[in-house]
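Asker: To be precise about what I am sending: the file is called structure.pdb and holds PDB, C-alpha atoms, pLDDT in the B column.
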```
ATOM      1  CA  MET A   1       0.000   0.000   0.000  1.00 50.00           C
ATOM      2  CA  ASN A   2       2.152   2.845  -1.288  1.00 50.00           C
ATOM      3  CA  GLN A   3      -0.253   5.699  -0.659  1.00 54.00           C
ATOM      4  CA  SER A   4       0.588   9.289  -1.508  1.00 51.00           C
ATOM      5  CA  ARG A   5      -1.323  10.768   1.421  1.00 61.00           C
ATOM      6  CA  PRO A   6       1.180  12.096   3.994  1.00 74.00           C
ATOM      7  CA  LYS A   7       1.557   9.669   6.899  1.00 73.00           C
ATOM      8  CA  VAL A   8       1.214  12.436   9.532  1.00 72.00           C
ATOM      9  CA  LYS A   9      -2.023  13.752   8.045  1.00 76.00           C
ATOM     10  CA  LYS A  10      -3.379  10.223   7.798  1.00 75.00           C
ATOM     11  CA  SER A  11      -2.346   9.569  11.412  1.00 73.00           C
ATOM     12  CA  ARG A  12      -4.242  12.630  12.623  1.00 72.00           C
ATOM     13  CA  ALA A  13      -7.334  11.691  10.606  1.00 76.00           C
ATOM     14  CA  LEU A  14      -7.377   8.202  12.161  1.00 79.00           C
ATOM     15  CA  GLY A  15      -6.385   9.332  15.645  1.00 77.00           C
ATOM     16  CA  ILE A  16      -3.319   7.073  15.895  1.00 73.00           C
ATOM     17  CA  ALA A  17       0.397   7.665  15.292  1.00 69.00           C
ATOM     18  CA  LEU A  18       1.470   5.534  12.333  1.00 75.00           C
ATOM     19  CA  THR A  19       5.128   6.650  12.396  1.00 72.00           C
ATOM     20  CA  PRO A  20       7.548   7.993  15.045  1.00 71.00           C
ATOM     21  CA  LYS A  21       7.392  11.374  13.287  1.00 67.00           C
ATOM     22  CA  ALA A  22       3.621  11.430  13.725  1.00 59.00           C
ATOM     23  CA  VAL A  23       4.001  11.084  17.502  1.00 63.00           C
ATOM     24  CA  LYS A  24       5.578  14.556  17.710  1.00 60.00           C
ATOM     25  CA  TYR A  25       2.859  16.092  15.551  1.00 56.00           C
ATOM     26  CA  PHE A  26       0.214  14.489  17.755  1.00 56.00           C
ATOM     27  CA  GLU A  27       1.638  16.247  20.785  1.00 62.00           C
ATOM     28  CA  GLN A  28       1.341  19.603  19.013  1.00 58.00           C
ATOM     29  CA  ARG A  29      -1.979  19.066  17.226  1.00 59.00           C
ATOM     30  CA  PRO A  30      -4.119  16.449  19.018  1.00 56.00           C
ATOM     31  CA  TYR A  31      -7.081  16.897  16.668  1.00 56.00           C
ATOM     32  CA  PRO A  32      -8.007  15.816  13.106  1.00 58.00           C
ATOM     33  CA  PRO A  33      -6.498  17.700  10.154  1.00 56.00           C
ATOM     34  CA  GLY A  34      -8.299  20.360   8.162  1.00 57.00           C
ATOM     35  CA  GLU A  35     -10.098  23.616   8.745  1.00 54.00           C
ATOM     36  CA  HIS A  36     -12.750  22.021  10.954  1.00 52.00           C
ATOM     37  CA  GLY A  37     -10.458  19.623  12.779  1.00 53.00           C
ATOM     38  CA  ARG A  38     -11.121  21.137  16.205  1.00 55.00           C
ATOM     39  CA  GLY A  39     -14.886  21.216  15.836  1.00 52.00           C
ATOM     40  CA  ARG A  40     -17.292  18.592  17.081  1.00 52.00           C
ATOM     41  CA  LYS A  41     -18.466  16.002  14.611  1.00 58.00           C
ATOM     42  CA  GLN A  42     -21.458  13.744  14.972  1.00 61.00           C
ATOM     43  CA  ASN A  43     -20.563  10.115  14.420  1.00 73.00           C
ATOM     44  CA  SER A  44     -23.054   7.453  13.386  1.00 87.00           C
ATOM     45  CA  ASP A  45     -22.583   3.846  14.506  1.00 90.00           C
ATOM     46  CA  TYR A  46     -21.542   2.989  10.963  1.00 93.00           C
ATOM     47  CA  LYS A  47     -18.950   5.763  10.860  1.00 93.00           C
ATOM     48  CA  VAL A  48     -17.454   4.712  14.209  1.00 93.00           C
ATOM     49  CA  ARG A  49     -17.089   1.104  13.024  1.00 95.00           C
ATOM     50  CA  LEU A  50     -15.710   2.217   9.672  1.00 95.00           C
ATOM     51  CA  LEU A  51     -13.084   4.369  11.393  1.00 94.00           C
ATOM     52  CA  GLU A  52     -12.050   1.481  13.632  1.00 95.00           C
ATOM     53  CA  LYS A  53     -11.650  -0.765  10.599  1.00 96.00           C
ATOM     54  CA  GLN A  54      -9.579   1.888   8.814  1.00 95.00           C
ATOM     55  CA  ARG A  55      -7.389   2.331  11.898  1.00 94.00           C
ATOM     56  CA  LEU A  56      -6.630  -1.393  11.992  1.00 96.00           C
ATOM     57  CA  ARG A  57      -5.937  -1.493   8.248  1.00 97.00           C
ATOM     58  CA  ALA A  58      -3.564   1.457   8.529  1.00 94.00           C
ATOM     59  CA  GLN A  59      -1.556  -0.074  11.372  1.00 96.00           C
ATOM     60  CA  TYR A  60      -0.803  -3.111   9.222  1.00 97.00           C
ATOM     61  CA  ASP A  61      -0.709  -1.081   5.953  1.00 95.00           C
ATOM     62  CA  ILE A  62      -2.918  -3.549   4.107  1.00 97.00           C
ATOM     63  CA  SER A  63      -5.554  -3.244   1.381  1.00 96.00           C
ATOM     64  CA  GLU A  64      -9.266  -3.744   1.908  1.00 97.00           C
ATOM     65  CA  ARG A  65      -9.058  -7.002   0.011  1.00 97.00           C
ATOM     66  CA  GLN A  66      -6.327  -8.311   2.313  1.00 97.00           C
ATOM     67  CA  MET A  67      -8.372  -7.236   5.327  1.00 97.00           C
ATOM     68  CA  VAL A  68     -11.461  -9.099   4.100  1.00 97.00           C
ATOM     69  CA  ARG A  69      -9.406 -12.243   3.514  1.00 97.00           C
ATOM     70  CA  ALA A  70      -7.985 -12.063   7.042  1.00 97.00           C
ATOM     71  CA  TYR A  71     -11.493 -11.551   8.455  1.00 98.00           C
ATOM     72  CA  ASP A  72     -12.823 -14.559   6.521  1.00 97.00           C
ATOM     73  CA  ARG A  73     -10.044 -16.742   7.951  1.00 96.00           C
ATOM     74  CA  ALA A  74     -10.673 -15.389  11.458  1.00 97.00           C
ATOM     75  CA  ARG A  75     -14.388 -16.209  11.191  1.00 96.00           C
ATOM     76  CA  LYS A  76     -13.538 -19.862  10.641  1.00 94.00           C
ATOM     77  CA  VAL A  77     -11.477 -20.173  13.821  1.00 93.00           C
ATOM     78  CA  LYS A  78     -13.439 -22.486  16.115  1.00 88.00           C
ATOM     79  CA  GLU A  79     -12.105 -21.306  19.467  1.00 88.00           C
ATOM     80  CA  GLY A  80     -12.127 -17.771  20.887  1.00 91.00           C
ATOM     81  CA  LYS A  81     -13.578 -14.529  19.565  1.00 95.00           C
ATOM     82  CA  THR A  82     -13.492 -13.601  15.898  1.00 97.00           C
ATOM     83  CA  GLY A  83     -12.027 -10.151  16.662  1.00 97.00           C
ATOM     84  CA  GLU A  84      -9.105 -11.584  18.599  1.00 97.00           C
ATOM     85  CA  ALA A  85      -8.526 -14.187  15.882  1.00 97.00           C
ATOM     86  CA  LEU A  86      -8.427 -11.354  13.324  1.00 98.00           C
ATOM     87  CA  ILE A  87      -5.718  -9.485  15.233  1.00 98.00           C
ATOM     88  CA  ILE A  88      -3.648 -12.669  15.604  1.00 97.00           C
ATOM     89  CA  GLU A  89      -4.115 -13.422  11.902  1.00 97.00           C
ATOM     90  CA  LEU A  90      -2.764  -9.987  10.962  1.00 98.00           C
ATOM     91  CA  GLU A  91       0.029 -10.104  13.535  1.00 98.00           C
ATOM     92  CA  ARG A  92       1.447 -13.268  11.986  1.00 98.00           C
ATOM     93  CA  ARG A  93       2.174 -11.411   8.749  1.00 98.00           C
ATOM     94  CA  LEU A  94       5.897 -11.373   7.972  1.00 98.00           C
ATOM     95  CA  ASP A  95       6.133  -7.582   7.678  1.00 98.00           C
ATOM     96  CA  ALA A  96       4.343  -7.082  11.008  1.00 98.00           C
ATOM     97  CA  LEU A  97       6.759  -9.390  12.821  1.00 98.00           C
ATOM     98  CA  VAL A  98       9.795  -7.755  11.169  1.00 98.00           C
ATOM     99  CA  LEU A  99       8.529  -4.500  12.697  1.00 96.00           C
ATOM    100  CA  ARG A 100       7.839  -5.992  16.143  1.00 96.00           C
ATOM    101  CA  SER A 101      11.282  -7.608  16.289  1.00 96.00           C
ATOM    102  CA  GLY A 102      13.047  -4.253  15.958  1.00 95.00           C
ATOM    103  CA  LEU A 103      14.489  -4.932  12.499  1.00 97.00           C
ATOM    104  CA  ALA A 104      12.484  -2.006  11.077  1.00 96.00           C
ATOM    105  CA  ARG A 105      11.355   1.407  12.323  1.00 94.00           C
ATOM    106  CA  THR A 106       7.890   1.459  10.718  1.00 94.00           C
ATOM    107  CA  ILE A 107       5.512  -0.988   9.039  1.00 96.00           C
ATOM    108  CA  TYR A 108       6.305   0.763   5.746  1.00 95.00           C
ATOM    109  CA  GLN A 109      10.029   0.097   6.134  1.00 97.00           C
ATOM    110  CA  ALA A 110       9.349  -3.503   7.188  1.00 97.00           C
ATOM    111  CA  ARG A 111       7.240  -4.074   4.074  1.00 97.00           C
ATOM    112  CA  GLN A 112       9.996  -2.609   1.881  1.00 97.00           C
ATOM    113  CA  MET A 113      12.623  -4.865   3.472  1.00 98.00           C
ATOM    114  CA  VAL A 114      10.530  -7.929   2.663  1.00 98.00           C
ATOM    115  CA  VAL A 115       9.558  -6.871  -0.874  1.00 98.00           C
ATOM    116  CA  HIS A 116      13.185  -6.104  -1.761  1.00 98.00           C
ATOM    117  CA  GLY A 117      14.215  -9.639  -0.843  1.00 98.00           C
ATOM    118  CA  HIS A 118      16.270  -8.884   2.282  1.00 98.00           C
ATOM    119  CA  ILE A 119      14.388 -11.325   4.548  1.00 98.00           C
ATOM    120  CA  ALA A 120      14.533 -15.120   4.772  1.00 98.00           C
ATOM    121  CA  VAL A 121      12.271 -17.541   6.623  1.00 98.00           C
ATOM    122  CA  ASN A 122      13.881 -20.846   7.566  1.00 98.00           C
ATOM    123  CA  ASP A 123      16.806 -19.991   5.237  1.00 97.00           C
ATOM    124  CA  ARG A 124      14.539 -19.383   2.222  1.00 98.00           C
ATOM    125  CA  LYS A 125      14.022 -15.920   0.726  1.00 98.00           C
ATOM    126  CA  VAL A 126      10.482 -14.647   1.163  1.00 98.00           C
ATOM    127  CA  ASP A 127       9.449 -11.431  -0.594  1.00 98.00           C
ATOM    128  CA  ARG A 128       5.720 -11.472   0.267  1.00 98.00           C
ATOM    129  CA  PRO A 129       4.829  -9.184   3.207  1.00 98.00           C
ATOM    130  CA  SER A 130       1.583 -11.150   3.664  1.00 97.00           C
ATOM    131  CA  TYR A 131       3.469 -14.433   4.268  1.00 98.00           C
ATOM    132  CA  ARG A 132       2.058 -15.950   7.459  1.00 97.00           C
ATOM    133  CA  VAL A 133       4.792 -16.926   9.888  1.00 98.00           C
ATOM    134  CA  ARG A 134       4.184 -20.106  11.892  1.00 98.00           C
ATOM    135  CA  PRO A 135       5.377 -20.972  15.393  1.00 98.00           C
ATOM    136  CA  ASP A 136       9.033 -22.106  15.407  1.00 98.00           C
ATOM    137  CA  ASP A 137       9.755 -20.368  12.100  1.00 98.00           C
ATOM    138  CA  VAL A 138      13.125 -18.563  12.136  1.00 98.00           C
ATOM    139  CA  VAL A 139      13.239 -15.213  10.332  1.00 98.00           C
ATOM    140  CA  GLN A 140      16.524 -13.472   9.570  1.00 98.00           C
ATOM    141  CA  VAL A 141      18.141 -10.876   7.350  1.00 98.00           C
ATOM    142  CA  ARG A 142      19.838 -12.551   4.400  1.00 98.00           C
ATOM    143  CA  GLU A 143      23.643 -12.649   4.453  1.00 97.00           C
ATOM    144  CA  ARG A 144      23.985 -10.479   1.349  1.00 96.00           C
ATOM    145  CA  SER A 145      21.898  -7.693   2.920  1.00 98.00           C
ATOM    146  CA  ARG A 146      23.404  -7.448   6.393  1.00 97.00           C
ATOM    147  CA  ALA A 147      25.915  -4.720   5.536  1.00 97.00           C
ATOM    148  CA  LYS A 148      23.174  -2.337   4.358  1.00 97.00           C
ATOM    149  CA  HIS A 149      22.675   0.757   6.512  1.00 97.00           C
ATOM    150  CA  PRO A 150      19.156  -0.020   7.853  1.00 97.00           C
ATOM    151  CA  PHE A 151      20.340  -3.367   9.192  1.00 97.00           C
ATOM    152  CA  LEU A 152      23.447  -1.881  10.767  1.00 97.00           C
ATOM    153  CA  VAL A 153      21.108   0.505  12.620  1.00 96.00           C
ATOM    154  CA  ALA A 154      18.818  -2.381  13.602  1.00 96.00           C
ATOM    155  CA  ARG A 155      21.740  -4.420  14.935  1.00 96.00           C
ATOM    156  CA  GLU A 156      22.604  -1.552  17.304  1.00 94.00           C
ATOM    157  CA  GLY A 157      19.000  -1.407  18.552  1.00 92.00           C
ATOM    158  CA  GLY A 158      18.198   1.774  16.621  1.00 92.00           C
ATOM    159  CA  TYR A 159      14.678   0.633  15.759  1.00 90.00           C
ATOM    160  CA  ALA A 160      13.832  -1.045  19.055  1.00 80.00           C
ATOM    161  CA  THR A 161      10.599   0.302  20.521  1.00 67.00           C
ATOM    162  CA  ASP A 162      10.301   1.925  23.933  1.00 61.00           C
ATOM    163  CA  GLY A 163       8.185  -0.992  25.105  1.00 64.00           C
ATOM    164  CA  GLU A 164       9.297  -4.577  25.573  1.00 77.00           C
ATOM    165  CA  THR A 165       9.681  -6.993  22.699  1.00 89.00           C
ATOM    166  CA  PRO A 166       6.453  -9.035  22.494  1.00 93.00           C
ATOM    167  CA  ARG A 167       6.723 -12.265  24.441  1.00 94.00           C
ATOM    168  CA  TYR A 168       5.771 -14.389  21.450  1.00 97.00           C
ATOM    169  CA  LEU A 169       9.071 -13.441  19.770  1.00 97.00           C
ATOM    170  CA  GLU A 170      12.596 -14.552  20.614  1.00 97.00           C
ATOM    171  CA  VAL A 171      14.830 -11.851  19.127  1.00 96.00           C
ATOM    172  CA  ASN A 172      18.583 -11.757  18.534  1.00 97.00           C
ATOM    173  CA  LEU A 173      19.318  -8.324  17.057  1.00 96.00           C
ATOM    174  CA  GLU A 174      23.040  -8.958  16.881  1.00 96.00           C
ATOM    175  CA  ALA A 175      22.315 -11.874  14.549  1.00 97.00           C
ATOM    176  CA  LEU A 176      19.521  -9.884  12.837  1.00 98.00           C
ATOM    177  CA  ALA A 177      17.182 -12.789  13.481  1.00 98.00           C
ATOM    178  CA  PHE A 178      14.101 -13.763  15.451  1.00 98.00           C
ATOM    179  CA  ARG A 179      11.860 -16.762  16.019  1.00 98.00           C
ATOM    180  CA  LEU A 180       8.102 -16.907  16.510  1.00 98.00           C
ATOM    181  CA  ASP A 181       7.790 -18.991  19.672  1.00 97.00           C
ATOM    182  CA  ARG A 182       4.013 -19.341  19.576  1.00 97.00           C
ATOM    183  CA  ASP A 183       0.849 -17.683  18.328  1.00 95.00           C
ATOM    184  CA  PRO A 184       0.407 -14.193  19.816  1.00 96.00           C
ATOM    185  CA  GLN A 185      -2.324 -13.441  22.351  1.00 95.00           C
ATOM    186  CA  ARG A 186      -4.496 -10.394  21.719  1.00 95.00           C
ATOM    187  CA  LYS A 187      -3.421  -8.627  24.923  1.00 95.00           C
ATOM    188  CA  GLU A 188       0.231  -8.893  23.830  1.00 95.00           C
ATOM    189  CA  VAL A 189      -0.255  -7.332  20.394  1.00 96.00           C
ATOM    190  CA  PRO A 190       0.543  -3.579  20.452  1.00 93.00           C
ATOM    191  CA  VAL A 191      -2.158  -2.340  18.083  1.00 94.00           C
ATOM    192  CA  VAL A 192      -4.737   0.317  18.963  1.00 92.00           C
ATOM    193  CA  CYS A 193      -8.094  -1.157  18.021  1.00 93.00           C
ATOM    194  CA  ASP A 194     -11.513  -2.181  19.295  1.00 95.00           C
ATOM    195  CA  GLU A 195     -11.589  -5.312  17.197  1.00 96.00           C
ATOM    196  CA  GLN A 196     -15.216  -6.074  18.107  1.00 96.00           C
ATOM    197  CA  MET A 197     -16.260  -2.955  16.166  1.00 96.00           C
ATOM    198  CA  VAL A 198     -14.315  -4.236  13.158  1.00 97.00           C
ATOM    199  CA  VAL A 199     -16.173  -7.546  13.361  1.00 97.00           C
ATOM    200  CA  GLU A 200     -19.492  -5.667  13.584  1.00 96.00           C
ATOM    201  CA  TYR A 201     -18.528  -3.620  10.522  1.00 96.00           C
ATOM    202  CA  TYR A 202     -17.981  -6.730   8.394  1.00 96.00           C
ATOM    203  CA  ALA A 203     -20.916  -8.653   9.884  1.00 92.00           C
ATOM    204  CA  ARG A 204     -23.457  -5.929   9.019  1.00 86.00           C
TER     205      ARG A 204
END
```
Translate this structure into structure tokens?
Answerer:
Amino acid sequence: MNQSRPKVKKSRALGIALTPKAVKYFEQRPYPPGEHGRGRKQNSDYKVRLLEKQRLRAQYDISERQMVRAYDRARKVKEGKTGEALIIELERRLDALVLRSGLARTIYQARQMVVHGHIAVNDRKVDRPSYRVRPDDVVQVRERSRAKHPFLVAREGGYATDGETPRYLEVNLEALAFRLDRDPQRKEVPVVCDEQMVVEYYAR
């Protein structure tokens, strides 16, 4: 999803910081963009659910089609809530886990790393950001890419988040590698979303 809309403006419209740069803008302008950003807006139930769906899509930088596919798979999960299954489904994407591991600064950079062929899963190159990582899969930067600047920064912890690394990942930044220990749990996934509203949006 290479969208031309500025990430900061999009962040303010959705009410979530999609990049580190957007965090600073949020502190200065904690309201939606545009001339009427500070005014009150009436929100219908549909609009609230639509916004929540858009927020989730933006955090994983996926298309509507990809979102619908993930929802359809989540609906078929026999145990647990559909909303939680949806989050776990999205979190197992290769680009999402590259971001969580600290190998990338943003989801956009993580996607680019995968698409450009810098990432391997179980020693095989994977260039699909939507690739679903399974428990015990080992993900690492390919040998030929390790000297590139972004990975030198990652090795020094330059992209590590302020929070802890999610417990479902075992990360070795020095080796530019990580392993998915197990399926994530919803409470461990650092996305801002009321997933039940997303389910209600698609179930309407």
Asker: Residues at most 12 Å from segment 111-124 of chain A, counting only C-alpha atoms, excluding those fewer than 3 positions away in the same chain, as a PyMOL selection string?
Answerer: chain A and resi 1-2+60-62+93-99+103-108+127-151+176-180
Asker: Which residue out of A:Leu90, A:Ala110, A:Leu51, A:Arg57 has the minimum interatomic distance to Arg73 of chain A when all atoms listed in the file are used?
Answerer: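 Closest candidate: A:Leu90.
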Asker: Return as a PyMOL selection string the set of residues that the PyMOL selection byres ((chain A and resi 155) around 8) yields on the displayed structure.
Answerer: chain A and resi 103+151-154+156-158+173-176
Asker: Would you compute the distance between atom CA of Tyr71 of chain A and atom CA of Asn43 of chain A? Give it in Å to one decimal.
Answerer: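 If I compute the distance from atom CA of Tyr71 of chain A to atom CA of Asn43 of chain A, I get 24.2 Å.
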Asker: In Å, how far is it from atom CA of Arg75 of chain A to atom CA of Val189 of chain A?
Answerer: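 Atom-to-atom, atom CA of Arg75 of chain A to atom CA of Val189 of chain A, that is 19.1 Å.
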Asker: Go through A:Val171, A:Ile87, A:Met197, A:Ala13 and flag the residue nearest Asp183 of chain A, using all atoms listed in the file for the distances.
Answerer: A:Ile87
Asker: Name every residue that the PyMOL selection byres ((chain A and resi 195) around 10) selects in this structure, writing the answer as a list in words with chains first and numbers rising.
Answerer: Arg49, Glu52, Lys53, Leu56, Lys81, Thr82, Gly83, Glu84, Ala85, Leu86, Ile87, Arg186, Val191, Val192, Cys193, Asp194, Gln196, Met197, Val198, Val199, Glu200 and Tyr201 of chain A
Asker: Between A:Ile88, A:Ala74, A:Leu14, A:Arg69, which is the closest to Gln54 of chain A once you count only C-alpha atoms?
Answerer: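 With only C-alpha atoms as the atom set, the closest residue is A:Leu14.
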Asker: Which distance in Å separates atom CA of Arg65 of chain A and atom CA of Gln109 of chain A, to one decimal?
Answerer: 21.3 Å
Asker: Using only C-alpha atoms, which of the listed residues (A:Pro190, A:Gly15, A:Pro166, A:Pro6) sits closest to Arg55 of chain A?
Answerer: A:Gly15
Asker: Which is closest to Glu188 of chain A among A:Arg167, A:Lys47, A:Arg12, A:Lys78, if we use all atoms listed in the file?
Answerer: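 Of A:Arg167, A:Lys47, A:Arg12, A:Lys78, the one nearest Glu188 of chain A, counting all atoms listed in the file, is A:Arg167.
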